[in-house]
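Engineer: Sharing a structure, written as structure tokens. Questions coming.
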Amino acid sequence: MRSIMVLNSKGGSGKSTVATSIASYYAAQGNKVMLVDLDPQASSLEWLSARPSGRSSITGFDGSAGHFRVPRNADYVVYDTPAAVHGRELSDNLRRAQSIIIPVLPSPIDMRAATPFIQKVLDNGRVARKEARVALIANRCRENYNIYHQLDTYLRKVRKAPFISVLRETQNYVRAAERGLGIFELAPYSVRKDLDQWDPIIRWLNSKRSQPLG
């Protein structure tokens with residue numbers, strides 16, 4: 001069973017969008033996918049409630065109340081996490097993850113907040129021992145903005161965590177979310193650029209680089 005977690009202590013970084021996109025991708029490949037929402041706001045579960053019945057099945061689970069067990073028959077478990085996760089809660093969450101994706105927004109506030117948080121994740125014992133692997137993505141970016149280039153430079157300088165892709169700001173994600181769909185489930189001609197941006201993320205998740213050593 002593969003476990004993938006989307007994590008950032010800063011609210012509004014697009015964690016739910018990334019988590020639901022990953023879950024829908026693996027479900028469309030014929031896998032048994034569980035989407036665990038650890039956030040009391042339950043954005044991922046609300047997305048799942050809007051999902052059309054004819055689409056690939058994803059099982060939702062409310063993990064915000066605390067202790068729970070994931071069924072062992074799941075092929076992929078995707079975790080959507082809340083904001084303001086630190087200390088013991090952060091350590092508990094990291095115990096569940098094999099692959100961790102941290103999305104960072106192109107704003108000075110988000111970049112400043114991301115610096116100590118990313119370091120906390122990288123300093124975690126499981127991550128340091130490569131029992132869990134971390135990758136960074138830039139999210140909701142407009143390439144013609146100067147701050148985008150600052151974020152690009154910043155993420156490339158982070159040690160011990162690869163910067164794997166940039167996701168643009170586009171209404172395609174809004175349209176998908178409203179319908180309970182992932183970006184991979186929209187008409188290919190309308191999301192071609194978005195799929196190109198997702199390709200390195202999926203390749204990383206499917207590679208040994210994203211999986212624990214041993």
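FYI, nothing fancy with the structure tokens labels: chains A, B, ... in order, residues from 1 per chain, ligands from 1 as they appear.
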Any idea what's packed within 8 Å of A:Lys130, counting only C-alpha atoms, ignoring anything in its chain fewer than 4 positions away? Could you give it as a list in words?

Structural biologist: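 Listing them by chain and then by number gives Arg126, Pro212 and Leu213 of chain A.
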
Engineer: Please, could you write that set of residues out with N, CA and C atoms as a short mmCIF file (atom, residue, chain, number, x, y, z; two decimals), in the first residue's frame?

Structural biologist:
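Writing the result to part-v3.cif gives the following:
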data_model
loop_
_atom_site.label_atom_id
_atom_site.label_comp_id
_atom_site.auth_asym_id
_atom_site.auth_seq_id
_atom_site.Cartn_x
_atom_site.Cartn_y
_atom_site.Cartn_z
N ARG A 126 11.98 10.16 10.63
CA ARG A 126 11.63 9.28 9.52
C ARG A 126 12.13 9.84 8.21
N PRO A 212 10.28 4.90 0.43
CA PRO A 212 11.25 4.67 1.51
C PRO A 212 12.38 3.74 1.07
N LEU A 213 13.54 3.94 1.65
CA LEU A 213 14.64 3.03 1.40
C LEU A 213 14.40 1.71 2.13
#

Engineer: Please report, as a tab-separated table (two decimals) with C-alpha atoms, in the first residue's frame, each residue of stretch 135-200 of chain A to which DSSP assigns strand (DSSP E) when run on this structure's backbone.

Structural biologist:
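Below you can see result.tsv, which holds the result:
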chain	number	residue	atom	x	y	z
A	135	ALA	CA	9.34	16.82	-2.76
A	136	LEU	CA	8.41	20.46	-3.30
A	137	ILE	CA	6.12	22.04	-5.86
A	138	ALA	CA	5.30	25.65	-6.67
A	139	ASN	CA	1.54	26.10	-6.80
A	140	ARG	CA	-0.84	28.67	-8.35
A	141	CYS	CA	1.89	30.44	-10.26
A	163	PHE	CA	11.78	20.79	-6.50
A	164	ILE	CA	9.80	18.81	-9.06
A	165	SER	CA	7.22	21.03	-10.76
A	166	VAL	CA	5.33	24.29	-11.11
A	167	LEU	CA	1.52	24.29	-11.28
A	168	ARG	CA	-0.02	27.35	-12.87

Engineer: Just give me the gap between atom CA of A:Phe61 and atom CA of A:Leu94 in Å, one decimal is fine.

Structural biologist: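 For atom CA of A:Phe61 relative to atom CA of A:Leu94, the distance reads 17.7 Å.
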
Engineer: Neighbours of A:Ser91 within 12 Å (only C-alpha atoms; same-chain residues fewer than 2 positions away dropped), as a count of residues only?

Structural biologist: 20

Engineer: What lies within 7 Å of A:Thr59 using only C-alpha atoms, ignoring chain neighbours under 5 positions off, as an MDAnalysis selection string?

Structural biologist: chainID A and resid 33:35

Engineer: A:Arg129, A:Arg179, A:Lys32, A:Lys208: which is nearest A:Ala50, counting only C-alpha atoms?

Structural biologist: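 Using only C-alpha atoms, A:Ala50 sits closest to A:Arg179.
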
Engineer: To one decimal in Å, tell me the separation between atom CA of A:Val78 and atom CA of A:Glu169.

Structural biologist: 22.5 Å

Engineer: Using only C-alpha atoms, which of the listed residues (A:Lys157, A:Ala84, A:Tyr79, A:Tyr25) sits closest to A:Asp199?

Structural biologist: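 So, comparing all the options, the nearest one is A:Tyr25.
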
Engineer: Using only C-alpha atoms, which of A:Pro71, A:Pro200, A:Pro106, A:Gly180 sits nearest A:Gly14?

Structural biologist: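 Among A:Pro71, A:Pro200, A:Pro106, A:Gly180, it is A:Pro106 that comes nearest to A:Gly14.
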
Engineer: Give me, as a list in words, the residues of stretch 119-168 of chain A that a backbone DSSP run labels alpha helix (DSSP H).

Structural biologist: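 Of stretch 119-168 of chain A, only Gln119, Lys120, Val121, Leu122, Asp123, Gly125, Arg126, Val127, Ala128, Asn146, Ile147, Tyr148, His149, Gln150, Leu151, Asp152, Thr153, Tyr154, Leu155, Arg156 and Lys157 of chain A fall in alpha helix (DSSP H).
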
Engineer: Excluding A:Gly11 and its own-chain neighbours fewer than 6 positions away, which residues fall within 10 Å of it when counting only C-alpha atoms? Please give them as JSON, numbers by chain.

Structural biologist: {"A": [81, 82, 83, 84, 110]}

Engineer: The selected residues should be written to file as a PDB file, in the first residue's frame (atoms: N, CA and C atoms).

Structural biologist:
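Just written: out-v4.pdb:
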ATOM      1  N   THR A  81      -4.092  17.344   4.544  1.00  0.00           N
ATOM      2  CA  THR A  81      -3.800  17.748   5.918  1.00  0.00           C
ATOM      3  C   THR A  81      -4.260  19.173   6.214  1.00  0.00           C
ATOM      4  N   PRO A  82      -4.470  19.483   7.491  1.00  0.00           N
ATOM      5  CA  PRO A  82      -4.886  20.840   7.849  1.00  0.00           C
ATOM      6  C   PRO A  82      -3.713  21.805   7.906  1.00  0.00           C
ATOM      7  N   ALA A  83      -4.034  23.080   8.025  1.00  0.00           N
ATOM      8  CA  ALA A  83      -3.009  24.095   8.236  1.00  0.00           C
ATOM      9  C   ALA A  83      -2.599  24.107   9.707  1.00  0.00           C
ATOM     10  N   ALA A  84      -1.560  24.858  10.001  1.00  0.00           N
ATOM     11  CA  ALA A  84      -1.084  25.046  11.378  1.00  0.00           C
ATOM     12  C   ALA A  84      -0.744  23.733  12.065  1.00  0.00           C
ATOM     13  N   ASP A 110       4.068  33.397   2.174  1.00  0.00           N
ATOM     14  CA  ASP A 110       4.109  31.935   2.090  1.00  0.00           C
ATOM     15  C   ASP A 110       5.534  31.419   2.046  1.00  0.00           C
TER      16      ASP A 110
END

Engineer: So, with only C-alpha atoms as the atoms that count, which of A:Val104, A:Ala177, A:Leu151, A:Ala113 lies closest to A:Ser49?

Structural biologist: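 Nearest candidate to A:Ser49 out of A:Val104, A:Ala177, A:Leu151, A:Ala113: A:Ala177.
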
Engineer: My list of candidates is A:Asn146, A:Pro40, A:Glu178, A:Ile118. Which is closest to A:Arg159 when distances are computed with only C-alpha atoms?

Structural biologist: A:Ile118

Engineer: Could you tell me which of A:Glu131, A:Asp194, A:Asp39, A:Asp62 comes closest to A:Ser99 if we count only C-alpha atoms?

Structural biologist: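 Closest candidate: A:Glu131.
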
Engineer: Give me the residues near A:Gly30 as a list in words, where near means some atom within 10 Å (using only C-alpha atoms) and where sequence neighbours in that chain fewer than 4 positions away do not count.

Structural biologist: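 That gives Tyr25, Tyr26, Ser56, Ser57 and Asp75 of chain A.
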